[in-house]
Amino acid sequence: MEKTGYLQLMKSRIYLPFLVSQILSNLSDGLLAVAVVYFAVVLEASPWELGVITFAITLSRGFLGPIGGVLSDRINKRTYLIAIEVIRAAFMLSLFVLYWYEMTNIWVLMSFGVIVSTLFAISVPAAKAVIPKLVTEDELQLANGLIQTITWPAYFMGSGLLALLLPLELVNYVFLVITVFFVVSFLLLLALPKQLQDTAPSNKESKPSLLVELLAGYQEMRSDSVMHARVLTYGIFTFFWRGVLQILIPLVVLTHLKSPEWVYGALMFVNGMSEFIANLVVGKLTLRRPLVFTFLCEGLLGIGVLLIASSFWLPLPEVGLLAGAFVVGVAAATIDIPLLTVIQKNVAEHNVAKVISYWFTIGSAGGALGSLIFGLYFEFIPIESGSLMLGIGLLLIGLVLLFWASKSKQYVALTEH
């Protein structure tokens with residue numbers, strides 16, 4: 001049987017509209033995030049106020065994820081995702097009207113940013129959980145790989161779209177542009193099959209409380225010790241990954257080595273391209289022990305940090321920086337696709353979104369803390385020795401986790417087709 005490729009998958013009349021909808025949704029989220037900050041600056045927000053706005057939006061994205069997990073496991077996922085896009089479009093249109101009539105201030109911007117970002121966060125579990133309904137089991141990892149490969153760059157493309165609107169003098173219409181994107185996303189979601197209700201055991205007289213459902217999802221996640229450990233330790237990876245990208249690399253390039261600004265841009269491009277290509281490769285791999293494979297990420301990230309640290313002693317520091325940025329991108333590709341595929345295939349259908357929401361929340365919290373604590377860490381530790389210790393520590397953590405996972409007798413093994 002010929003294996004499905006990415007091009008064949010993109011010809012699917014069910015999967016392709018969903019993929020494009022996800023691209024537009026992520027692109028809109030990225031554009032909104034940078035637009036809120038831009039207009040806050042225009043309104044003369046102080047650095048402290050900008051910090052509050054960014055923190056509030058980031059916090060709301062992560063910690064309300066489990067609520068979205070429960071809701072999307074209770075409701076028909078097609079209806080749920082469509083409703084989210086309609087509500088987001090309505091809020092964006094309202095914000096455009098308020099801005100047009102000069103009725104906004106920085107706190108209005110923050111409030112709308114928090115609400116729309118929260119709606120995005122609570123839609124993520126449903127969006128991930130619905131993928132198995134759109135493709136065959138053989139195509140699932142490939143479909144996850146394509147979603148992961150395309151939607152993450154779409155977020156950053158959205159952030160960069162503001163730079164295109166500025167010279168065109170269309171920046172005042174940015175909230176209307178986001179509204180249009182959400183409307184198109186909503187229309188594309190109408191192509192989803194109507195029968196996307198989970199097969200959860202139901203009691204029409206009463207439904208379990210939110211806490212009971214959250215605990216049920218957690219108990220099922222615990223039934224596989226390796227999956228349980230991988231989800232709980234995902235925050236370790238995002239903690240270091242976010243800290244490396246947002247704090248360590250800028251400090252090394254711009255502050256310590258005083259490299260030209262283009263070097264930082266080149267490193268981010270190399271990092272993004274390596275993750276992009278690695279996601280495509282991982283999506284096509286046949287993994288017998290996919291959960292064990294996911295434990296490669298911490299060790300690879302440690303190697304990436306050590307390569308970045310080597311730039312302090314290399315005659316051509318850019319070599320170490322480029323190699324480190326490349327490996328960091330590869331590290332990010334080793335965890336998301338296999339872990340998501342395992343959750344989709346092996347968790348009971350009525351608990352899939354809850355488990356995904358735990359994973360999303362833990363990752364968001366780890367990333368937020370990473371940016372904060374890395375900054376404090378390098379306030380007190382010299383960057384040369386500090387980055388070296390980080391790399392060695394991460395490599396050791398990765399080796400310990402990988403050894404434990406490989407020796408565990410309880411793991412998910414996917415059958416080969």
# chains A, B, ... in the order shown; residues from 1 in each chain; ligands from 1
$ residues_around --residues "region 292-295 of chain A" --least-positions-apart "6" --cutoff "10 Å" --atoms "only C-alpha atoms" --output "compact mmCIF listing (two decimals) with N, CA, C and O atoms, in the first residue's frame"
# COMPACT_ATOMS: atom_id res chain seq x y z
N VAL A 226 4.74 6.52 30.96
CA VAL A 226 5.64 7.30 30.12
C VAL A 226 4.92 8.52 29.53
O VAL A 226 5.47 9.62 29.50
N MET A 227 3.69 8.32 29.08
CA MET A 227 2.92 9.46 28.57
C MET A 227 2.68 10.48 29.69
O MET A 227 2.79 11.69 29.47
N ARG A 230 5.85 12.33 30.26
CA ARG A 230 6.20 13.21 29.14
C ARG A 230 5.36 14.49 29.16
O ARG A 230 5.88 15.58 28.90
N THR A 233 6.54 16.65 32.16
CA THR A 233 7.88 17.24 32.00
C THR A 233 7.99 18.12 30.76
O THR A 233 9.06 18.66 30.48
N TYR A 234 6.89 18.26 30.02
CA TYR A 234 6.92 19.11 28.82
C TYR A 234 7.29 20.55 29.20
O TYR A 234 7.96 21.25 28.44
N PHE A 237 11.01 21.27 29.02
CA PHE A 237 11.50 21.59 27.68
C PHE A 237 11.15 23.02 27.29
O PHE A 237 12.02 23.78 26.84
N ALA A 331 15.46 20.08 17.91
CA ALA A 331 14.97 19.60 19.21
C ALA A 331 13.48 19.85 19.37
O ALA A 331 12.74 18.98 19.86
N ALA A 332 13.02 21.02 18.92
CA ALA A 332 11.60 21.36 19.08
C ALA A 332 10.71 20.45 18.25
O ALA A 332 9.53 20.25 18.59
N ALA A 333 11.26 19.88 17.18
CA ALA A 333 10.44 19.05 16.28
C ALA A 333 10.31 17.60 16.78
O ALA A 333 9.49 16.85 16.25
N THR A 334 11.09 17.22 17.77
CA THR A 334 11.10 15.81 18.18
C THR A 334 9.99 15.45 19.17
O THR A 334 9.80 14.27 19.46
N ILE A 335 9.28 16.43 19.68
CA ILE A 335 8.33 16.12 20.75
C ILE A 335 6.86 16.28 20.35
O ILE A 335 6.05 15.40 20.61
N ASP A 336 6.49 17.38 19.72
CA ASP A 336 5.07 17.70 19.56
C ASP A 336 4.31 16.70 18.70
O ASP A 336 3.23 16.24 19.09
N ILE A 337 4.86 16.37 17.53
CA ILE A 337 4.12 15.50 16.61
C ILE A 337 3.94 14.09 17.16
O ILE A 337 2.81 13.57 17.17
N PRO A 338 5.00 13.41 17.63
CA PRO A 338 4.80 12.06 18.17
C PRO A 338 3.89 12.04 19.40
O PRO A 338 3.05 11.14 19.54
N LEU A 339 4.06 13.02 20.30
CA LEU A 339 3.24 13.04 21.52
C LEU A 339 1.78 13.26 21.19
O LEU A 339 0.89 12.59 21.73
N ILE A 397 19.95 16.10 32.13
CA ILE A 397 18.52 15.88 32.33
C ILE A 397 17.94 15.05 31.19
O ILE A 397 17.18 14.09 31.40
N GLY A 398 18.33 15.40 29.97
CA GLY A 398 17.83 14.68 28.81
C GLY A 398 18.25 13.22 28.80
O GLY A 398 17.44 12.34 28.48
N LEU A 399 19.51 12.96 29.15
CA LEU A 399 19.99 11.58 29.17
C LEU A 399 19.28 10.75 30.24
O LEU A 399 18.93 9.58 30.00
N VAL A 400 19.06 11.35 31.42
CA VAL A 400 18.36 10.63 32.49
C VAL A 400 16.93 10.30 32.07
O VAL A 400 16.46 9.17 32.24
N LEU A 401 16.22 11.29 31.52
CA LEU A 401 14.83 11.06 31.09
C LEU A 401 14.76 10.03 29.96
O LEU A 401 13.88 9.16 29.96
N LEU A 402 15.69 10.11 29.01
CA LEU A 402 15.69 9.17 27.90
C LEU A 402 15.98 7.75 28.38
O LEU A 402 15.33 6.79 27.94
N PHE A 403 16.93 7.61 29.30
CA PHE A 403 17.26 6.29 29.85
C PHE A 403 16.06 5.71 30.59
O PHE A 403 15.72 4.53 30.42
N TRP A 404 15.40 6.54 31.41
CA TRP A 404 14.23 6.06 32.15
C TRP A 404 13.12 5.61 31.21
O TRP A 404 12.53 4.55 31.38
N ALA A 405 12.83 6.44 30.20
CA ALA A 405 11.76 6.11 29.27
C ALA A 405 12.06 4.84 28.48
O ALA A 405 11.18 4.01 28.26
N SER A 406 13.32 4.68 28.06
CA SER A 406 13.68 3.51 27.25
C SER A 406 13.62 2.22 28.06
O SER A 406 13.39 1.14 27.51
N LYS A 407 13.83 2.32 29.39
CA LYS A 407 13.81 1.13 30.24
C LYS A 407 12.43 0.85 30.81
O LYS A 407 12.18 -0.23 31.36
N SER A 408 11.51 1.79 30.68
CA SER A 408 10.17 1.59 31.22
C SER A 408 9.46 0.49 30.45
O SER A 408 9.52 0.42 29.23
N TYR A 411 4.72 1.57 28.05
CA TYR A 411 4.80 2.63 27.05
C TYR A 411 3.84 2.30 25.92
O TYR A 411 3.39 1.17 25.76
N VAL A 412 3.56 3.32 25.11
CA VAL A 412 2.68 3.13 23.97
C VAL A 412 3.50 2.75 22.77
O VAL A 412 4.46 3.44 22.41
N ALA A 413 3.18 1.63 22.15
CA ALA A 413 3.85 1.21 20.93
C ALA A 413 2.83 1.26 19.80
O ALA A 413 1.75 0.66 19.90
$ select_by_dssp --residues "region 190-328 of chain A" --states "alpha helix (DSSP H)" --output "PyMOL selection string"
chain A and resi 210-222+225-232+234-243+249-250+261-284+290-294+296-310+317-328
$ closest_residue --among "A:Phe326, A:Phe380, A:Tyr38, A:Trp152" --to "Met268 (chain A)" --atoms "only C-alpha atoms"
A:Phe326
$ closest_atom_pairs --of "region 295-343 of chain A" --to "region 242-245 of chain A" --cutoff "10 Å" --atoms "only C-alpha atoms" --output "tab-separated table"
residue	atom	partner	partner_atom	distance
A:Leu301	CA	A:Val244	CA	9.0
A:Gly304	CA	A:Val244	CA	9.3
A:Val305	CA	A:Val244	CA	7.5
A:Ile308	CA	A:Val244	CA	9.5
A:Ala325	CA	A:Leu245	CA	8.5
A:Val328	CA	A:Val244	CA	8.6
A:Gly329	CA	A:Leu245	CA	9.8
$ write_last_selection --atoms "N, CA and C atoms" --output "mmCIF file, in the first residue's frame"
data_model
loop_
_atom_site.group_PDB
_atom_site.id
_atom_site.type_symbol
_atom_site.label_atom_id
_atom_site.label_comp_id
_atom_site.auth_asym_id
_atom_site.auth_seq_id
_atom_site.Cartn_x
_atom_site.Cartn_y
_atom_site.Cartn_z
ATOM 1 N N LEU A 301 18.384 19.824 22.942
ATOM 2 C CA LEU A 301 18.396 21.237 23.336
ATOM 3 C C LEU A 301 19.672 21.554 24.111
ATOM 4 N N GLY A 304 22.397 21.943 21.702
ATOM 5 C CA GLY A 304 22.264 23.248 21.058
ATOM 6 C C GLY A 304 22.820 24.370 21.919
ATOM 7 N N VAL A 305 22.526 24.333 23.215
ATOM 8 C CA VAL A 305 23.036 25.365 24.135
ATOM 9 C C VAL A 305 24.553 25.293 24.223
ATOM 10 N N ILE A 308 25.997 26.907 21.248
ATOM 11 C CA ILE A 308 25.911 28.376 21.391
ATOM 12 C C ILE A 308 27.010 28.868 22.321
ATOM 13 N N ALA A 325 21.644 27.205 16.882
ATOM 14 C CA ALA A 325 20.277 27.570 16.501
ATOM 15 C C ALA A 325 19.633 26.458 15.678
ATOM 16 N N VAL A 328 18.703 23.541 18.084
ATOM 17 C CA VAL A 328 17.550 23.934 18.911
ATOM 18 C C VAL A 328 16.254 23.771 18.115
ATOM 19 N N GLY A 329 16.280 24.130 16.837
ATOM 20 C CA GLY A 329 15.098 23.948 15.993
ATOM 21 C C GLY A 329 14.740 22.486 15.813
#
$ closest_residue --among "A:Asn271, A:Gln8, A:Ser123, A:Ser111" --to "Ser25 (chain A)" --atoms "only C-alpha atoms"
A:Ser123
$ closest_residue --among "A:Pro317, A:Ala191, A:His350, A:Ile356" --to "Arg13 (chain A)" --atoms "only C-alpha atoms"
A:Ala191
$ closest_residue --among "A:Ser117, A:Ser46, A:Thr361, A:Ser387" --to "Gly30 (chain A)" --atoms "only C-alpha atoms"
A:Ser117
$ decode --residues "region 179-191 of chain A" --atoms "all heavy atoms" --output "PDB file, in the first residue's frame"
ATOM      1  N   THR A 179     -10.608  40.601  11.676  1.00  0.00           N
ATOM      2  CA  THR A 179     -12.016  40.183  11.612  1.00  0.00           C
ATOM      3  C   THR A 179     -12.280  39.375  10.352  1.00  0.00           C
ATOM      4  O   THR A 179     -12.917  38.312  10.390  1.00  0.00           O
ATOM      5  CB  THR A 179     -12.947  41.410  11.641  1.00  0.00           C
ATOM      6  OG1 THR A 179     -12.697  42.174  12.821  1.00  0.00           O
ATOM      7  CG2 THR A 179     -14.405  40.980  11.607  1.00  0.00           C
ATOM      8  N   VAL A 180     -11.769  39.865   9.225  1.00  0.00           N
ATOM      9  CA  VAL A 180     -11.971  39.173   7.946  1.00  0.00           C
ATOM     10  C   VAL A 180     -11.334  37.786   7.983  1.00  0.00           C
ATOM     11  O   VAL A 180     -11.927  36.798   7.523  1.00  0.00           O
ATOM     12  CB  VAL A 180     -11.402  40.005   6.782  1.00  0.00           C
ATOM     13  CG1 VAL A 180     -11.421  39.205   5.476  1.00  0.00           C
ATOM     14  CG2 VAL A 180     -12.181  41.300   6.621  1.00  0.00           C
ATOM     15  N   PHE A 181     -10.135  37.690   8.551  1.00  0.00           N
ATOM     16  CA  PHE A 181      -9.467  36.390   8.655  1.00  0.00           C
ATOM     17  C   PHE A 181     -10.312  35.404   9.472  1.00  0.00           C
ATOM     18  O   PHE A 181     -10.444  34.225   9.113  1.00  0.00           O
ATOM     19  CB  PHE A 181      -8.087  36.549   9.306  1.00  0.00           C
ATOM     20  CG  PHE A 181      -7.048  37.150   8.405  1.00  0.00           C
ATOM     21  CD1 PHE A 181      -5.934  37.770   8.940  1.00  0.00           C
ATOM     22  CD2 PHE A 181      -7.177  37.101   7.028  1.00  0.00           C
ATOM     23  CE1 PHE A 181      -4.962  38.319   8.120  1.00  0.00           C
ATOM     24  CE2 PHE A 181      -6.214  37.654   6.194  1.00  0.00           C
ATOM     25  CZ  PHE A 181      -5.108  38.269   6.739  1.00  0.00           C
ATOM     26  N   PHE A 182     -10.863  35.875  10.581  1.00  0.00           N
ATOM     27  CA  PHE A 182     -11.694  35.000  11.417  1.00  0.00           C
ATOM     28  C   PHE A 182     -12.971  34.572  10.675  1.00  0.00           C
ATOM     29  O   PHE A 182     -13.419  33.430  10.809  1.00  0.00           O
ATOM     30  CB  PHE A 182     -12.062  35.697  12.727  1.00  0.00           C
ATOM     31  CG  PHE A 182     -10.949  35.745  13.726  1.00  0.00           C
ATOM     32  CD1 PHE A 182     -10.792  36.847  14.555  1.00  0.00           C
ATOM     33  CD2 PHE A 182     -10.058  34.699  13.868  1.00  0.00           C
ATOM     34  CE1 PHE A 182      -9.762  36.904  15.501  1.00  0.00           C
ATOM     35  CE2 PHE A 182      -9.032  34.739  14.795  1.00  0.00           C
ATOM     36  CZ  PHE A 182      -8.884  35.847  15.601  1.00  0.00           C
ATOM     37  N   VAL A 183     -13.553  35.480   9.909  1.00  0.00           N
ATOM     38  CA  VAL A 183     -14.761  35.144   9.151  1.00  0.00           C
ATOM     39  C   VAL A 183     -14.451  34.072   8.102  1.00  0.00           C
ATOM     40  O   VAL A 183     -15.200  33.107   7.931  1.00  0.00           O
ATOM     41  CB  VAL A 183     -15.354  36.405   8.491  1.00  0.00           C
ATOM     42  CG1 VAL A 183     -16.456  36.020   7.510  1.00  0.00           C
ATOM     43  CG2 VAL A 183     -15.915  37.347   9.558  1.00  0.00           C
ATOM     44  N   VAL A 184     -13.335  34.243   7.388  1.00  0.00           N
ATOM     45  CA  VAL A 184     -12.950  33.243   6.387  1.00  0.00           C
ATOM     46  C   VAL A 184     -12.665  31.899   7.059  1.00  0.00           C
ATOM     47  O   VAL A 184     -13.061  30.838   6.563  1.00  0.00           O
ATOM     48  CB  VAL A 184     -11.724  33.720   5.584  1.00  0.00           C
ATOM     49  CG1 VAL A 184     -11.251  32.632   4.625  1.00  0.00           C
ATOM     50  CG2 VAL A 184     -12.047  34.993   4.821  1.00  0.00           C
ATOM     51  N   SER A 185     -12.001  31.940   8.215  1.00  0.00           N
ATOM     52  CA  SER A 185     -11.740  30.715   8.973  1.00  0.00           C
ATOM     53  C   SER A 185     -13.046  30.018   9.353  1.00  0.00           C
ATOM     54  O   SER A 185     -13.182  28.792   9.235  1.00  0.00           O
ATOM     55  CB  SER A 185     -10.936  31.049  10.232  1.00  0.00           C
ATOM     56  OG  SER A 185     -10.766  29.906  11.045  1.00  0.00           O
ATOM     57  N   PHE A 186     -14.016  30.807   9.803  1.00  0.00           N
ATOM     58  CA  PHE A 186     -15.340  30.267  10.149  1.00  0.00           C
ATOM     59  C   PHE A 186     -15.992  29.592   8.934  1.00  0.00           C
ATOM     60  O   PHE A 186     -16.529  28.487   9.032  1.00  0.00           O
ATOM     61  CB  PHE A 186     -16.218  31.399  10.685  1.00  0.00           C
ATOM     62  CG  PHE A 186     -17.678  31.280  10.382  1.00  0.00           C
ATOM     63  CD1 PHE A 186     -18.457  30.318  11.000  1.00  0.00           C
ATOM     64  CD2 PHE A 186     -18.284  32.130   9.460  1.00  0.00           C
ATOM     65  CE1 PHE A 186     -19.811  30.210  10.710  1.00  0.00           C
ATOM     66  CE2 PHE A 186     -19.619  32.032   9.166  1.00  0.00           C
ATOM     67  CZ  PHE A 186     -20.389  31.050   9.794  1.00  0.00           C
ATOM     68  N   LEU A 187     -15.918  30.232   7.777  1.00  0.00           N
ATOM     69  CA  LEU A 187     -16.525  29.671   6.570  1.00  0.00           C
ATOM     70  C   LEU A 187     -15.853  28.360   6.167  1.00  0.00           C
ATOM     71  O   LEU A 187     -16.515  27.412   5.723  1.00  0.00           O
ATOM     72  CB  LEU A 187     -16.441  30.683   5.428  1.00  0.00           C
ATOM     73  CG  LEU A 187     -17.270  31.961   5.612  1.00  0.00           C
ATOM     74  CD1 LEU A 187     -16.982  32.963   4.495  1.00  0.00           C
ATOM     75  CD2 LEU A 187     -18.765  31.641   5.664  1.00  0.00           C
ATOM     76  N   LEU A 188     -14.548  28.285   6.335  1.00  0.00           N
ATOM     77  CA  LEU A 188     -13.827  27.057   6.016  1.00  0.00           C
ATOM     78  C   LEU A 188     -14.214  25.915   6.962  1.00  0.00           C
ATOM     79  O   LEU A 188     -14.303  24.757   6.549  1.00  0.00           O
ATOM     80  CB  LEU A 188     -12.324  27.298   6.084  1.00  0.00           C
ATOM     81  CG  LEU A 188     -11.741  28.159   4.954  1.00  0.00           C
ATOM     82  CD1 LEU A 188     -10.341  28.618   5.306  1.00  0.00           C
ATOM     83  CD2 LEU A 188     -11.728  27.375   3.649  1.00  0.00           C
ATOM     84  N   LEU A 189     -14.448  26.250   8.224  1.00  0.00           N
ATOM     85  CA  LEU A 189     -14.822  25.218   9.200  1.00  0.00           C
ATOM     86  C   LEU A 189     -16.193  24.615   8.904  1.00  0.00           C
ATOM     87  O   LEU A 189     -16.501  23.514   9.369  1.00  0.00           O
ATOM     88  CB  LEU A 189     -14.802  25.806  10.618  1.00  0.00           C
ATOM     89  CG  LEU A 189     -13.418  26.120  11.188  1.00  0.00           C
ATOM     90  CD1 LEU A 189     -13.548  26.843  12.521  1.00  0.00           C
ATOM     91  CD2 LEU A 189     -12.587  24.850  11.357  1.00  0.00           C
ATOM     92  N   LEU A 190     -16.992  25.313   8.129  1.00  0.00           N
ATOM     93  CA  LEU A 190     -18.301  24.763   7.750  1.00  0.00           C
ATOM     94  C   LEU A 190     -18.154  23.509   6.898  1.00  0.00           C
ATOM     95  O   LEU A 190     -19.096  22.713   6.780  1.00  0.00           O
ATOM     96  CB  LEU A 190     -19.111  25.812   6.979  1.00  0.00           C
ATOM     97  CG  LEU A 190     -19.564  27.046   7.778  1.00  0.00           C
ATOM     98  CD1 LEU A 190     -20.247  28.044   6.860  1.00  0.00           C
ATOM     99  CD2 LEU A 190     -20.497  26.647   8.918  1.00  0.00           C
ATOM    100  N   ALA A 191     -16.968  23.317   6.311  1.00  0.00           N
ATOM    101  CA  ALA A 191     -16.720  22.127   5.494  1.00  0.00           C
ATOM    102  C   ALA A 191     -16.443  20.885   6.332  1.00  0.00           C
ATOM    103  O   ALA A 191     -16.393  19.774   5.795  1.00  0.00           O
ATOM    104  CB  ALA A 191     -15.544  22.382   4.548  1.00  0.00           C
TER     105      ALA A 191
END
